[in-house]
>>> print(open('run16.csv').read())   # CSV, C-alpha atoms and all ligand atoms
chain,number,residue,atom,x,y,z
X,1,MET,CA,19.9,7.5,16.9
X,2,LYS,CA,20.2,8.4,13.2
X,3,GLU,CA,17.5,9.9,11.2
X,4,LEU,CA,17.0,10.5,7.5
X,5,ARG,CA,15.9,14.1,6.5
X,6,ASP,CA,15.3,15.1,2.9
X,7,PRO,CA,16.3,18.6,1.5
X,8,PHE,CA,12.9,19.9,2.6
X,9,GLY,CA,13.2,18.9,6.2
X,10,ARG,CA,10.8,16.0,6.0
X,11,ARG,CA,11.8,13.1,8.2
X,12,ILE,CA,11.8,9.8,6.2
X,13,ASP,CA,11.0,6.9,8.5
X,14,TYR,CA,8.8,4.7,6.4
X,15,LEU,CA,9.9,2.2,3.7
X,16,ARG,CA,7.4,0.7,1.3
X,17,ILE,CA,8.8,-2.5,-0.2
X,18,SER,CA,7.3,-4.0,-3.3
X,19,ILE,CA,8.3,-7.6,-3.0
X,20,THR,CA,6.9,-8.8,-6.3
X,21,ASP,CA,5.4,-7.3,-9.5
X,22,ARG,CA,3.2,-10.3,-10.0
X,23,CYS,CA,-0.4,-10.5,-9.0
X,24,ASN,CA,-3.2,-13.1,-8.9
X,25,LEU,CA,-5.7,-10.4,-10.0
X,26,ARG,CA,-5.8,-7.8,-12.8
X,27,CYS,CA,-7.7,-4.9,-11.4
X,28,ALA,CA,-8.8,-2.8,-14.4
X,29,TYR,CA,-7.2,0.4,-13.1
X,30,CYS,CA,-3.9,-1.2,-12.2
X,31,MET,CA,-3.1,-3.7,-15.0
X,32,PRO,CA,-4.3,-4.7,-18.5
X,33,ALA,CA,-6.3,-7.9,-18.7
X,34,ALA,CA,-3.4,-9.7,-20.5
X,35,GLY,CA,0.0,-9.0,-21.8
X,36,VAL,CA,1.7,-7.7,-18.6
X,37,HIS,CA,5.4,-8.1,-18.9
X,38,TRP,CA,6.7,-9.4,-15.6
X,39,GLN,CA,10.2,-8.9,-14.6
X,40,PRO,CA,12.3,-12.1,-15.0
X,41,ARG,CA,12.5,-13.9,-11.6
X,42,PRO,CA,16.3,-13.3,-11.2
X,43,ALA,CA,15.6,-9.6,-11.5
X,44,LEU,CA,13.5,-9.6,-8.3
X,45,LEU,CA,15.2,-9.1,-4.9
X,46,THR,CA,15.5,-12.3,-2.9
X,47,ALA,CA,14.2,-12.5,0.6
X,48,ASP,CA,17.7,-12.0,1.9
X,49,GLU,CA,18.3,-8.9,-0.2
X,50,ILE,CA,15.0,-7.4,0.9
X,51,VAL,CA,15.9,-8.0,4.5
X,52,ARG,CA,19.4,-6.5,4.1
X,53,ALA,CA,18.0,-3.4,2.4
X,54,ALA,CA,15.5,-3.0,5.3
X,55,ARG,CA,18.2,-3.5,7.9
X,56,ALA,CA,20.3,-0.7,6.3
X,57,ALA,CA,17.3,1.6,6.2
X,58,ALA,CA,16.5,0.8,9.9
X,59,GLY,CA,20.0,1.7,10.8
X,60,LEU,CA,19.4,5.1,9.3
X,61,GLY,CA,16.2,5.7,11.2
X,62,VAL,CA,13.4,3.9,9.3
X,63,ASN,CA,11.0,2.4,11.8
X,64,SER,CA,8.0,1.4,9.8
X,65,ILE,CA,7.8,-1.0,6.8
X,66,ARG,CA,4.9,-1.8,4.5
X,67,LEU,CA,5.1,-4.8,2.1
X,68,THR,CA,3.2,-4.3,-1.1
X,69,GLY,CA,3.4,-5.3,-4.7
X,70,GLY,CA,2.0,-6.6,-7.0
X,71,GLU,CA,0.3,-9.0,-4.6
X,72,PRO,CA,2.7,-9.7,-1.7
X,73,LEU,CA,0.9,-12.8,-0.7
X,74,VAL,CA,1.7,-14.6,-3.9
X,75,ARG,CA,5.4,-14.8,-2.9
X,76,GLY,CA,6.0,-18.3,-1.4
X,77,ASP,CA,8.5,-16.9,1.1
X,78,ILE,CA,6.2,-14.1,2.4
X,79,VAL,CA,6.0,-15.5,6.0
X,80,ASP,CA,9.8,-15.9,6.2
X,81,ILE,CA,10.3,-12.3,4.9
X,82,VAL,CA,7.9,-10.9,7.6
X,83,ARG,CA,9.6,-12.9,10.3
X,84,ALA,CA,13.1,-11.7,9.3
X,85,LEU,CA,11.9,-8.1,9.0
X,86,ALA,CA,10.3,-8.3,12.4
X,87,GLY,CA,13.6,-9.3,13.9
X,88,ILE,CA,15.4,-6.1,12.7
X,89,ALA,CA,16.3,-3.7,15.6
X,90,GLY,CA,14.4,-0.4,15.3
X,91,ILE,CA,11.5,-1.7,13.1
X,92,ARG,CA,8.4,-1.1,15.2
X,93,ASP,CA,5.7,-1.6,12.7
X,94,ILE,CA,5.3,-4.0,9.8
X,95,SER,CA,2.1,-3.8,7.7
X,96,LEU,CA,1.1,-5.3,4.4
X,97,SER,CA,-1.2,-4.2,1.5
X,98,THR,CA,-3.1,-7.1,-0.1
X,99,ASN,CA,-6.0,-7.9,-2.3
X,100,GLY,CA,-7.1,-10.4,0.4
X,101,MET,CA,-7.5,-13.4,-1.9
X,102,LEU,CA,-4.9,-15.5,0.0
X,103,LEU,CA,-5.4,-13.9,3.4
X,104,GLU,CA,-7.7,-16.5,4.9
X,105,LYS,CA,-5.0,-19.1,4.6
X,106,LEU,CA,-2.0,-16.9,5.5
X,107,ALA,CA,-3.3,-14.5,8.2
X,108,PRO,CA,-2.5,-16.7,11.3
X,109,ALA,CA,1.1,-17.4,10.1
X,110,LEU,CA,1.7,-13.8,9.2
X,111,ALA,CA,0.5,-12.6,12.6
X,112,ALA,CA,2.7,-15.2,14.3
X,113,ALA,CA,5.7,-14.0,12.2
X,114,GLY,CA,5.3,-10.5,13.4
X,115,LEU,CA,3.0,-8.7,11.0
X,116,ARG,CA,1.0,-6.0,12.8
X,117,ARG,CA,-1.6,-4.8,10.4
X,118,VAL,CA,-3.1,-5.3,6.9
X,119,ASN,CA,-4.7,-3.0,4.4
X,120,VAL,CA,-7.1,-4.9,2.2
X,121,SER,CA,-8.2,-3.5,-1.1
X,122,LEU,CA,-12.0,-3.6,-1.4
X,123,ASP,CA,-13.6,-1.5,-4.1
X,124,THR,CA,-17.1,-2.8,-4.0
X,125,LEU,CA,-19.6,-4.9,-1.9
X,126,ASN,CA,-21.1,-6.3,-5.1
X,127,PRO,CA,-19.6,-9.7,-6.0
X,128,HIS,CA,-20.4,-9.2,-9.7
X,129,THR,CA,-18.8,-5.7,-9.8
X,130,PHE,CA,-15.8,-7.2,-7.8
X,131,ARG,CA,-15.3,-9.9,-10.4
X,132,ARG,CA,-15.6,-7.4,-13.3
X,133,LEU,CA,-13.2,-4.9,-11.8
X,134,THR,CA,-10.6,-7.4,-10.6
X,135,ARG,CA,-11.2,-9.8,-13.5
X,136,PHE,CA,-10.4,-12.9,-11.4
X,137,GLY,CA,-11.4,-11.8,-7.9
X,138,ASP,CA,-13.7,-13.7,-5.6
X,139,PHE,CA,-15.6,-11.4,-3.2
X,140,GLU,CA,-16.4,-14.2,-0.8
X,141,ARG,CA,-12.8,-15.2,-0.5
X,142,VAL,CA,-11.7,-11.7,0.3
X,143,ARG,CA,-14.6,-11.3,2.9
X,144,CYS,CA,-13.3,-14.5,4.6
X,145,GLY,CA,-9.7,-13.2,4.3
X,146,ILE,CA,-10.7,-10.0,6.2
X,147,ALA,CA,-12.5,-12.0,8.9
X,148,ALA,CA,-9.4,-14.3,9.2
X,149,ALA,CA,-7.1,-11.2,9.6
X,150,GLU,CA,-9.4,-9.9,12.3
X,151,ARG,CA,-9.3,-13.2,14.2
X,152,ALA,CA,-5.5,-13.3,13.9
X,153,GLY,CA,-5.3,-9.8,15.5
X,154,LEU,CA,-4.1,-8.0,12.4
X,155,ALA,CA,-5.7,-4.8,13.6
X,156,PRO,CA,-6.8,-2.2,12.9
X,157,ILE,CA,-8.1,-3.5,9.5
X,158,LYS,CA,-7.9,-0.8,6.9
X,159,LEU,CA,-9.9,-1.1,3.7
X,160,ASN,CA,-8.7,0.8,0.6
X,161,THR,CA,-11.3,1.7,-1.9
X,162,VAL,CA,-10.5,3.4,-5.2
X,163,VAL,CA,-13.6,5.3,-6.2
X,164,ILE,CA,-14.5,5.1,-9.9
X,165,ARG,CA,-17.4,6.9,-11.5
X,166,GLY,CA,-20.0,4.5,-12.9
X,167,VAL,CA,-18.4,1.5,-11.2
X,168,ASN,CA,-18.6,1.9,-7.4
X,169,ASP,CA,-19.4,5.5,-6.7
X,170,PHE,CA,-23.1,4.7,-5.9
X,171,GLU,CA,-21.8,2.3,-3.2
X,172,LEU,CA,-20.0,5.1,-1.2
X,173,ILE,CA,-22.6,5.3,1.5
X,174,ASP,CA,-22.9,1.5,1.9
X,175,LEU,CA,-19.1,1.1,2.1
X,176,ALA,CA,-18.8,3.9,4.7
X,177,ARG,CA,-21.6,2.3,6.7
X,178,LEU,CA,-19.5,-0.8,7.2
X,179,THR,CA,-17.7,1.3,9.9
X,180,LEU,CA,-20.9,1.6,11.9
X,181,GLU,CA,-20.5,-2.0,13.1
X,182,HIS,CA,-16.9,-2.9,12.3
X,183,PRO,CA,-13.9,-1.2,13.8
X,184,TRP,CA,-12.5,-0.9,10.3
X,185,HIS,CA,-10.9,2.2,8.7
X,186,ILE,CA,-12.1,2.6,5.2
X,187,ARG,CA,-10.2,5.0,3.0
X,188,PHE,CA,-11.6,6.3,-0.2
X,189,ILE,CA,-8.9,6.9,-2.7
X,190,GLU,CA,-8.9,9.0,-5.9
X,191,LEU,CA,-8.2,7.1,-9.0
X,192,MET,CA,-4.7,8.0,-10.2
X,193,PRO,CA,-3.7,8.3,-13.9
X,194,ILE,CA,-1.1,5.5,-13.3
X,195,GLY,CA,-1.1,1.9,-14.3
X,196,ASN,CA,-3.8,1.0,-16.8
X,197,THR,CA,-4.8,4.4,-18.0
X,198,GLY,CA,-6.2,3.4,-21.4
X,199,ASP,CA,-9.3,1.5,-22.4
X,200,TRP,CA,-10.4,-1.0,-19.7
X,201,GLY,CA,-12.6,-2.9,-22.1
X,202,ASP,CA,-15.6,-4.8,-20.6
X,203,GLY,CA,-17.8,-1.7,-21.2
X,204,PHE,CA,-16.1,0.5,-18.7
X,205,ALA,CA,-16.4,4.2,-19.2
X,206,ASP,CA,-13.8,6.3,-21.0
X,207,SER,CA,-10.8,7.3,-18.9
X,208,ALA,CA,-11.8,11.0,-18.9
X,209,ASP,CA,-15.1,10.1,-17.1
X,210,ARG,CA,-13.9,7.8,-14.3
X,211,TYR,CA,-12.2,10.2,-11.9
X,212,ILE,CA,-14.0,11.5,-8.8
X,213,SER,CA,-12.3,14.0,-6.4
X,214,VAL,CA,-12.3,13.6,-2.7
X,215,GLN,CA,-14.4,16.8,-2.5
X,216,GLU,CA,-17.2,15.1,-4.5
X,217,MET,CA,-16.9,12.0,-2.4
X,218,ARG,CA,-17.4,14.0,0.7
X,219,GLU,CA,-20.4,15.8,-0.7
X,220,ARG,CA,-22.0,12.5,-1.6
X,221,LEU,CA,-21.4,11.2,1.9
X,222,ALA,CA,-22.9,14.3,3.5
X,223,PRO,CA,-26.1,12.4,4.5
X,224,LEU,CA,-24.0,10.4,7.0
X,225,GLY,CA,-23.0,13.5,9.0
X,226,LEU,CA,-19.3,12.7,9.0
X,227,GLN,CA,-17.3,14.4,11.7
X,228,ARG,CA,-13.6,15.1,11.6
X,229,THR,CA,-11.6,12.9,13.9
X,230,GLY,CA,-8.0,11.9,14.7
X,231,ALA,CA,-6.3,9.5,12.4
X,232,PRO,CA,-5.8,5.9,13.5
X,233,ALA,CA,-2.2,4.7,13.9
X,234,GLY,CA,-0.3,4.6,10.7
X,235,ASN,CA,-3.0,6.3,8.7
X,236,GLY,CA,-0.5,8.3,6.6
X,237,PRO,CA,-2.0,10.8,4.2
X,238,ALA,CA,-5.7,10.1,4.9
X,239,ARG,CA,-8.0,12.9,6.2
X,240,THR,CA,-10.1,11.0,8.7
X,241,PHE,CA,-13.8,11.3,9.7
X,242,ARG,CA,-16.3,9.3,11.7
X,243,ILE,CA,-20.0,8.6,11.3
X,244,PRO,CA,-21.4,9.6,14.8
X,245,GLU,CA,-21.2,6.6,17.1
X,246,ALA,CA,-19.4,4.4,14.5
X,247,ALA,CA,-16.8,1.8,15.5
X,248,GLY,CA,-14.5,2.7,12.7
X,249,THR,CA,-13.5,5.7,10.6
X,250,VAL,CA,-13.8,7.0,7.1
X,251,GLY,CA,-10.7,8.5,5.4
X,252,PHE,CA,-10.1,10.2,2.1
X,253,ILE,CA,-6.8,10.0,0.2
X,254,SER,CA,-6.1,12.4,-2.6
X,255,PRO,CA,-2.8,11.1,-3.9
X,256,LEU,CA,-2.5,13.9,-6.3
X,257,GLY,CA,-3.4,16.6,-3.7
X,258,GLU,CA,-0.6,18.8,-2.4
X,259,HIS,CA,-1.0,18.0,1.3
X,260,PHE,CA,0.1,14.5,0.5
X,261,CYS,CA,3.5,15.7,-0.6
X,262,ALA,CA,4.0,18.2,2.2
X,263,THR,CA,3.9,15.4,4.8
X,264,CYS,CA,5.6,12.7,2.7
X,265,ASN,CA,7.7,10.5,5.0
X,266,ARG,CA,8.3,7.6,2.7
X,267,LEU,CA,10.8,5.9,0.5
X,268,ARG,CA,10.0,3.0,-1.9
X,269,LEU,CA,12.0,0.0,-2.8
X,270,THR,CA,10.8,-1.6,-6.1
X,271,ALA,CA,10.6,-5.3,-6.6
X,272,ASP,CA,13.7,-5.2,-8.8
X,273,GLY,CA,15.7,-3.4,-6.2
X,274,ARG,CA,15.5,0.3,-7.0
X,275,LEU,CA,15.0,3.0,-4.4
X,276,ARG,CA,12.3,5.3,-5.6
X,277,PRO,CA,12.1,8.7,-3.9
X,278,CYS,CA,8.6,9.5,-5.2
X,279,LEU,CA,5.7,7.3,-6.4
X,280,ILE,CA,5.0,9.7,-9.3
X,281,GLN,CA,8.4,11.1,-10.4
X,282,THR,CA,10.6,8.7,-12.3
X,283,GLY,CA,14.0,9.0,-10.6
X,284,GLU,CA,15.3,5.8,-9.1
X,285,VAL,CA,18.5,4.7,-7.3
X,286,PRO,CA,19.5,1.1,-8.1
X,287,VAL,CA,20.6,-1.0,-5.2
X,288,ARG,CA,20.3,-4.6,-6.3
X,289,ASP,CA,23.7,-5.0,-7.8
X,290,MET,CA,25.4,-3.5,-4.8
X,291,LEU,CA,23.4,-5.8,-2.5
X,292,ARG,CA,24.4,-8.8,-4.7
X,293,ALA,CA,28.1,-7.8,-4.6
X,294,GLY,CA,27.8,-7.8,-0.8
X,295,HIS,CA,28.3,-4.0,-0.4
X,296,ASP,CA,26.5,-1.7,2.0
X,297,ILE,CA,23.8,0.5,0.6
X,298,GLU,CA,23.5,3.1,3.3
X,299,THR,CA,25.0,5.8,1.1
X,300,LEU,CA,22.5,4.9,-1.7
X,301,ILE,CA,19.6,5.2,0.7
X,302,GLU,CA,20.9,8.7,1.7
X,303,THR,CA,21.2,9.6,-2.0
X,304,ALA,CA,17.6,8.5,-2.7
X,305,VAL,CA,16.4,10.6,0.3
X,306,ALA,CA,18.4,13.6,-0.9
X,307,ARG,CA,16.6,13.2,-4.3
X,308,LYS,CA,13.1,13.4,-2.9
X,309,PRO,CA,11.3,16.2,-4.8
X,310,ALA,CA,9.3,18.8,-2.9
X,311,GLY,CA,6.2,17.5,-4.6
X,312,HIS,CA,5.0,16.1,-7.9
X,313,GLU,CA,3.2,17.8,-10.7
X,314,LEU,CA,0.7,15.1,-11.8
X,315,TRP,CA,-2.9,16.1,-11.9
X,316,HIS,CA,-6.0,14.1,-12.6
X,317,ASN,CA,-6.5,15.3,-16.1
X,318,GLU,CA,-3.0,14.2,-17.2
X,319,THR,CA,-2.0,10.8,-18.5
X,320,SER,CA,1.0,9.0,-17.2
X,321,SER,CA,3.6,11.0,-19.1
X,322,THR,CA,5.8,11.6,-16.0
X,323,HIS,CA,6.3,8.0,-15.1
X,324,ASN,CA,7.5,4.9,-16.6
X,325,ARG,CA,6.2,1.9,-14.7
X,326,LEU,CA,3.0,0.1,-13.7
X,327,MET,CA,1.8,0.6,-10.1
X,328,CYS,CA,2.5,-3.1,-9.4
X,329,GLN,CA,6.2,-2.6,-10.3
X,330,ILE,CA,6.7,0.4,-8.1
X,331,GLY,CA,4.4,-0.7,-5.2
X,332,GLY,CA,1.2,1.2,-4.8
X,401,LIG,N1,-2.1,-6.0,-4.5
X,401,LIG,C1,-2.2,-5.3,-3.3
X,401,LIG,C2,-3.5,-4.6,-3.3
X,401,LIG,O1,-4.3,-4.5,-4.2
X,401,LIG,O2,-3.8,-4.0,-2.2
X,401,LIG,C3,-1.1,-4.3,-3.1
X,401,LIG,C4,-0.6,-3.5,-4.4
X,401,LIG,S1,-1.8,-2.4,-5.1
X,401,LIG,C5,-0.8,-1.7,-6.4
X,401,LIG,C6,-1.8,-1.1,-3.8
X,401,LIG,C7,-2.9,-0.2,-3.9
X,401,LIG,O3,-2.8,0.6,-5.1
X,401,LIG,C8,-4.3,-0.8,-3.9
X,401,LIG,O4,-5.1,-0.3,-2.9
X,401,LIG,C9,-4.9,-0.4,-5.3
X,401,LIG,O5,-6.2,-0.2,-5.2
X,401,LIG,C10,-4.1,0.9,-5.5
X,401,LIG,N2,-4.0,1.3,-6.9
X,401,LIG,C11,-3.6,0.6,-7.9
X,401,LIG,N3,-3.7,1.3,-9.1
X,401,LIG,C12,-4.3,2.5,-8.7
X,401,LIG,C13,-4.7,3.7,-9.4
X,401,LIG,N4,-4.5,3.8,-10.7
X,401,LIG,N5,-5.3,4.7,-8.7
X,401,LIG,C14,-5.4,4.6,-7.4
X,401,LIG,N6,-5.0,3.5,-6.7
X,401,LIG,C15,-4.5,2.5,-7.3
X,402,LIG,FE1,-3.1,-6.7,-8.2
X,402,LIG,FE2,-3.3,-4.9,-6.3
X,402,LIG,FE3,-2.9,-4.2,-8.8
X,402,LIG,FE4,-5.3,-5.3,-8.1
X,402,LIG,S1,-4.4,-3.3,-7.4
X,402,LIG,S2,-4.0,-5.8,-10.0
X,402,LIG,S3,-4.7,-6.7,-6.6
X,402,LIG,S4,-1.5,-5.3,-7.6
>>> encode(input="run16.csv", output="structure tokens")
Amino acid sequence: MKELRDPFGRRIDYLRISITDRCNLRCAYCMPAAGVHWQPRPALLTADEIVRAARAAAGLGVNSIRLTGGEPLVRGDIVDIVRALAGIAGIRDISLSTNGMLLEKLAPALAAAGLRRVNVSLDTLNPHTFRRLTRFGDFERVRCGIAAAERAGLAPIKLNTVVIRGVNDFELIDLARLTLEHPWHIRFIELMPIGNTGDWGDGFADSADRYISVQEMRERLAPLGLQRTGAPAGNGPARTFRIPEAAGTVGFISPLGEHFCATCNRLRLTADGRLRPCLIQTGEVPVRDMLRAGHDIETLIETAVARKPAGHELWHNETSSTHNRLMCQIGG
């Protein structure tokens, strides 16, 4: 059985694939309200190219795949992609990150095709704040999407919440309390200086004032008496806690914190077919043309793994000087 190891001894067994840069929402922290330059369609990997890249990675020891974007559910061939990935020998786990807007309709077909789990982005429980932050989002549709995912057995449900001062920070306790009744795993994520780092318009605070550290989040959740617990399957970099007696867990993700890099097991494939060793650092290894020419890409995968940096040097008070793309293009 082959395995991929980077120069720092980390085993790379997890591939995150951005299958599109397009999205049906425009979350203020991720994209500007208008004027996003999408990649031309022919630049995006086809379903067949995605599957061939995943098969090559699986042959080298990758066993877990997450589909992301952009919004992966806006791709018309999403169910076919999941079904083909689920048929690859060695792939044990296929998950998907979504904004949930199309989940109610697609959850049963995705589960039948072999999807195991979903992470749904949910930053607020207030429908007005949800609309303001996502610009086109419909809170009720996402709520129904989460319920449909649960019914379809896409469990455990993970909720990703980016915490933003003045926008949803005062909802931390209510969001965490969702786990009392629901076996959901909510993960509070620090806002990263990636994507839409400038003025968000709509009366949102200045960029310097929006960031909240996981330390501050934990202090503000102290009244809930969170207790450290083991991480649920596939929880990646979250530090996980539980409200006593709760059905689900509360996690904290500090993407800019060092512990995230030390245990990094992932490689990314961008929607336009570039292997990206690190979310933050700019280096990429293009594979699309090789796939289109019918060549194997195993050597390129090994090259990308060999180029994984020990860590990155982006901290919350920096702007995005060290990277060159929107989150939706890289795959968050
Ligand atoms: N559209 C899907 C979604 O929203 O879940 C998948 C793609 S989205 C880029 C993946 C994750 O990245 C989401 O949970 C989103 O909240 C997060 N994200 C995007 N921009 C971010 C930023 N500047 N800081 C922290 N998280 C961010
Ligand atoms: Fe779209 Fe996800 Fe970015 Fe929001 S965070 S704009 S849903 S890609």
>>> residues_around(input="run16.csv", residues="stretch 79-96 of chain X", least_positions_apart="3", cutoff="9 Å", atoms="all atoms listed in the file", output="PDB file with C-alpha atoms, in the coordinates of the input")
ATOM      1  CA  ALA X  47      14.200 -12.500   0.600  1.00  0.00           C
ATOM      2  CA  ASP X  48      17.700 -12.000   1.900  1.00  0.00           C
ATOM      3  CA  ILE X  50      15.000  -7.400   0.900  1.00  0.00           C
ATOM      4  CA  VAL X  51      15.900  -8.000   4.500  1.00  0.00           C
ATOM      5  CA  ALA X  54      15.500  -3.000   5.300  1.00  0.00           C
ATOM      6  CA  ARG X  55      18.200  -3.500   7.900  1.00  0.00           C
ATOM      7  CA  ALA X  58      16.500   0.800   9.900  1.00  0.00           C
ATOM      8  CA  GLY X  59      20.000   1.700  10.800  1.00  0.00           C
ATOM      9  CA  GLY X  61      16.200   5.700  11.200  1.00  0.00           C
ATOM     10  CA  VAL X  62      13.400   3.900   9.300  1.00  0.00           C
ATOM     11  CA  ASN X  63      11.000   2.400  11.800  1.00  0.00           C
ATOM     12  CA  SER X  64       8.000   1.400   9.800  1.00  0.00           C
ATOM     13  CA  ILE X  65       7.800  -1.000   6.800  1.00  0.00           C
ATOM     14  CA  ARG X  66       4.900  -1.800   4.500  1.00  0.00           C
ATOM     15  CA  LEU X  67       5.100  -4.800   2.100  1.00  0.00           C
ATOM     16  CA  THR X  68       3.200  -4.300  -1.100  1.00  0.00           C
ATOM     17  CA  PRO X  72       2.700  -9.700  -1.700  1.00  0.00           C
ATOM     18  CA  LEU X  73       0.900 -12.800  -0.700  1.00  0.00           C
ATOM     19  CA  ARG X  75       5.400 -14.800  -2.900  1.00  0.00           C
ATOM     20  CA  GLY X  76       6.000 -18.300  -1.400  1.00  0.00           C
ATOM     21  CA  LEU X 106      -2.000 -16.900   5.500  1.00  0.00           C
ATOM     22  CA  ALA X 109       1.100 -17.400  10.100  1.00  0.00           C
ATOM     23  CA  LEU X 110       1.700 -13.800   9.200  1.00  0.00           C
ATOM     24  CA  ALA X 112       2.700 -15.200  14.300  1.00  0.00           C
ATOM     25  CA  ALA X 113       5.700 -14.000  12.200  1.00  0.00           C
ATOM     26  CA  GLY X 114       5.300 -10.500  13.400  1.00  0.00           C
ATOM     27  CA  LEU X 115       3.000  -8.700  11.000  1.00  0.00           C
ATOM     28  CA  ARG X 116       1.000  -6.000  12.800  1.00  0.00           C
ATOM     29  CA  ARG X 117      -1.600  -4.800  10.400  1.00  0.00           C
ATOM     30  CA  VAL X 118      -3.100  -5.300   6.900  1.00  0.00           C
ATOM     31  CA  ASN X 119      -4.700  -3.000   4.400  1.00  0.00           C
ATOM     32  CA  VAL X 120      -7.100  -4.900   2.200  1.00  0.00           C
ATOM     33  CA  LEU X 154      -4.100  -8.000  12.400  1.00  0.00           C
ATOM     34  CA  GLY X 234      -0.300   4.600  10.700  1.00  0.00           C
TER      35      GLY X 234
END
>>> closest_residue(input="run16.csv", among="X:Ile164, X:Leu44, X:Ala205, X:Met327", to="ligand LIG 401 (chain X)", atoms="all atoms listed in the file")
X:Met327
>>> closest_residue(input="run16.csv", among="X:Ala107, X:Leu45, X:Leu133, X:Ala231", to="ligand LIG 402 (chain X)", atoms="all atoms listed in the file")
X:Leu133
>>> residues_near_ligand(input="run16.csv", ligand="ligand LIG 401 (chain X)", cutoff="7 Å", atoms="only C-alpha atoms and all ligand atoms", output="JSON, numbers by chain")
{"X": [23, 29, 30, 68, 69, 70, 71, 72, 97, 98, 99, 119, 120, 121, 160, 161, 162, 189, 190, 191, 192, 193, 194, 195, 196, 327, 328, 331, 332]}
>>> write_last_selection(input="run16.csv", atoms="C-alpha atoms", output="mmCIF file, keeping the file's coordinate frame")
data_model
loop_
_atom_site.group_PDB
_atom_site.id
_atom_site.type_symbol
_atom_site.label_atom_id
_atom_site.label_comp_id
_atom_site.auth_asym_id
_atom_site.auth_seq_id
_atom_site.Cartn_x
_atom_site.Cartn_y
_atom_site.Cartn_z
ATOM 1 C CA CYS X 23 -0.400 -10.500 -9.000
ATOM 2 C CA TYR X 29 -7.200 0.400 -13.100
ATOM 3 C CA CYS X 30 -3.900 -1.200 -12.200
ATOM 4 C CA THR X 68 3.200 -4.300 -1.100
ATOM 5 C CA GLY X 69 3.400 -5.300 -4.700
ATOM 6 C CA GLY X 70 2.000 -6.600 -7.000
ATOM 7 C CA GLU X 71 0.300 -9.000 -4.600
ATOM 8 C CA PRO X 72 2.700 -9.700 -1.700
ATOM 9 C CA SER X 97 -1.200 -4.200 1.500
ATOM 10 C CA THR X 98 -3.100 -7.100 -0.100
ATOM 11 C CA ASN X 99 -6.000 -7.900 -2.300
ATOM 12 C CA ASN X 119 -4.700 -3.000 4.400
ATOM 13 C CA VAL X 120 -7.100 -4.900 2.200
ATOM 14 C CA SER X 121 -8.200 -3.500 -1.100
ATOM 15 C CA ASN X 160 -8.700 0.800 0.600
ATOM 16 C CA THR X 161 -11.300 1.700 -1.900
ATOM 17 C CA VAL X 162 -10.500 3.400 -5.200
ATOM 18 C CA ILE X 189 -8.900 6.900 -2.700
ATOM 19 C CA GLU X 190 -8.900 9.000 -5.900
ATOM 20 C CA LEU X 191 -8.200 7.100 -9.000
ATOM 21 C CA MET X 192 -4.700 8.000 -10.200
ATOM 22 C CA PRO X 193 -3.700 8.300 -13.900
ATOM 23 C CA ILE X 194 -1.100 5.500 -13.300
ATOM 24 C CA GLY X 195 -1.100 1.900 -14.300
ATOM 25 C CA ASN X 196 -3.800 1.000 -16.800
ATOM 26 C CA MET X 327 1.800 0.600 -10.100
ATOM 27 C CA CYS X 328 2.500 -3.100 -9.400
ATOM 28 C CA GLY X 331 4.400 -0.700 -5.200
ATOM 29 C CA GLY X 332 1.200 1.200 -4.800
#
>>> residues_around(input="run16.csv", residues="X:Gly273", least_positions_apart="2", cutoff="7 Å", atoms="all atoms listed in the file", output="list in words")
Leu44, Leu45, Leu269, Thr270, Ala271, Leu275, Pro286, Val287 and Arg288 of chain X
>>> write_last_selection(input="run16.csv", atoms="C-alpha atoms", output="tab-separated table (two decimals), keeping the file's coordinate frame")
chain	number	residue	atom	x	y	z
X	44	LEU	CA	13.50	-9.60	-8.30
X	45	LEU	CA	15.20	-9.10	-4.90
X	269	LEU	CA	12.00	0.00	-2.80
X	270	THR	CA	10.80	-1.60	-6.10
X	271	ALA	CA	10.60	-5.30	-6.60
X	275	LEU	CA	15.00	3.00	-4.40
X	286	PRO	CA	19.50	1.10	-8.10
X	287	VAL	CA	20.60	-1.00	-5.20
X	288	ARG	CA	20.30	-4.60	-6.30
>>> closest_residue(input="run16.csv", among="X:Ile212, X:Met290, X:Val74, X:Ile12", to="X:Gly166", atoms="only C-alpha atoms")
X:Ile212
>>> closest_residue(input="run16.csv", among="X:Gly248, X:Pro42, X:Gly9, X:Gly294", to="X:Asn265", atoms="all atoms listed in the file")
X:Gly9
>>> atom_distance(input="run16.csv", atom1="atom CA of X:Thr263", atom2="atom CA of X:Arg220")
26.8 Å
>>> closest_residue(input="run16.csv", among="X:Gly100, X:Gly225, X:Pro108, X:Pro7", to="ligand LIG 402 (chain X)", atoms="only C-alpha atoms and all ligand atoms")
X:Gly100
>>> atom_distance(input="run16.csv", atom1="atom CA of X:Phe136", atom2="atom CA of X:Ile157")
23.0 Å
>>> atom_distance(input="run16.csv", atom1="atom CA of X:Leu178", atom2="atom CA of X:Gln215")
20.7 Å
>>> closest_residue(input="run16.csv", among="X:Ala306, X:Leu224, X:Leu102, X:Val214", to="ligand LIG 402 (chain X)", atoms="only C-alpha atoms and all ligand atoms")
X:Leu102
>>> residues_around(input="run16.csv", residues="X:Leu180", least_positions_apart="2", cutoff="12 Å", atoms="only C-alpha atoms", output="JSON, numbers by chain")
{"X": [173, 174, 175, 176, 177, 178, 182, 183, 184, 185, 186, 224, 226, 242, 243, 244, 245, 246, 247, 248, 249, 250]}
>>> residues_around(input="run16.csv", residues="X:Ala28", least_positions_apart="6", cutoff="10 Å", atoms="all atoms listed in the file", output="list in words")
Arg132, Leu133, Thr134, Arg135, Gly195, Asn196, Thr197, Gly198, Asp199, Trp200, Gly201, Asp202 and Phe204 of chain X
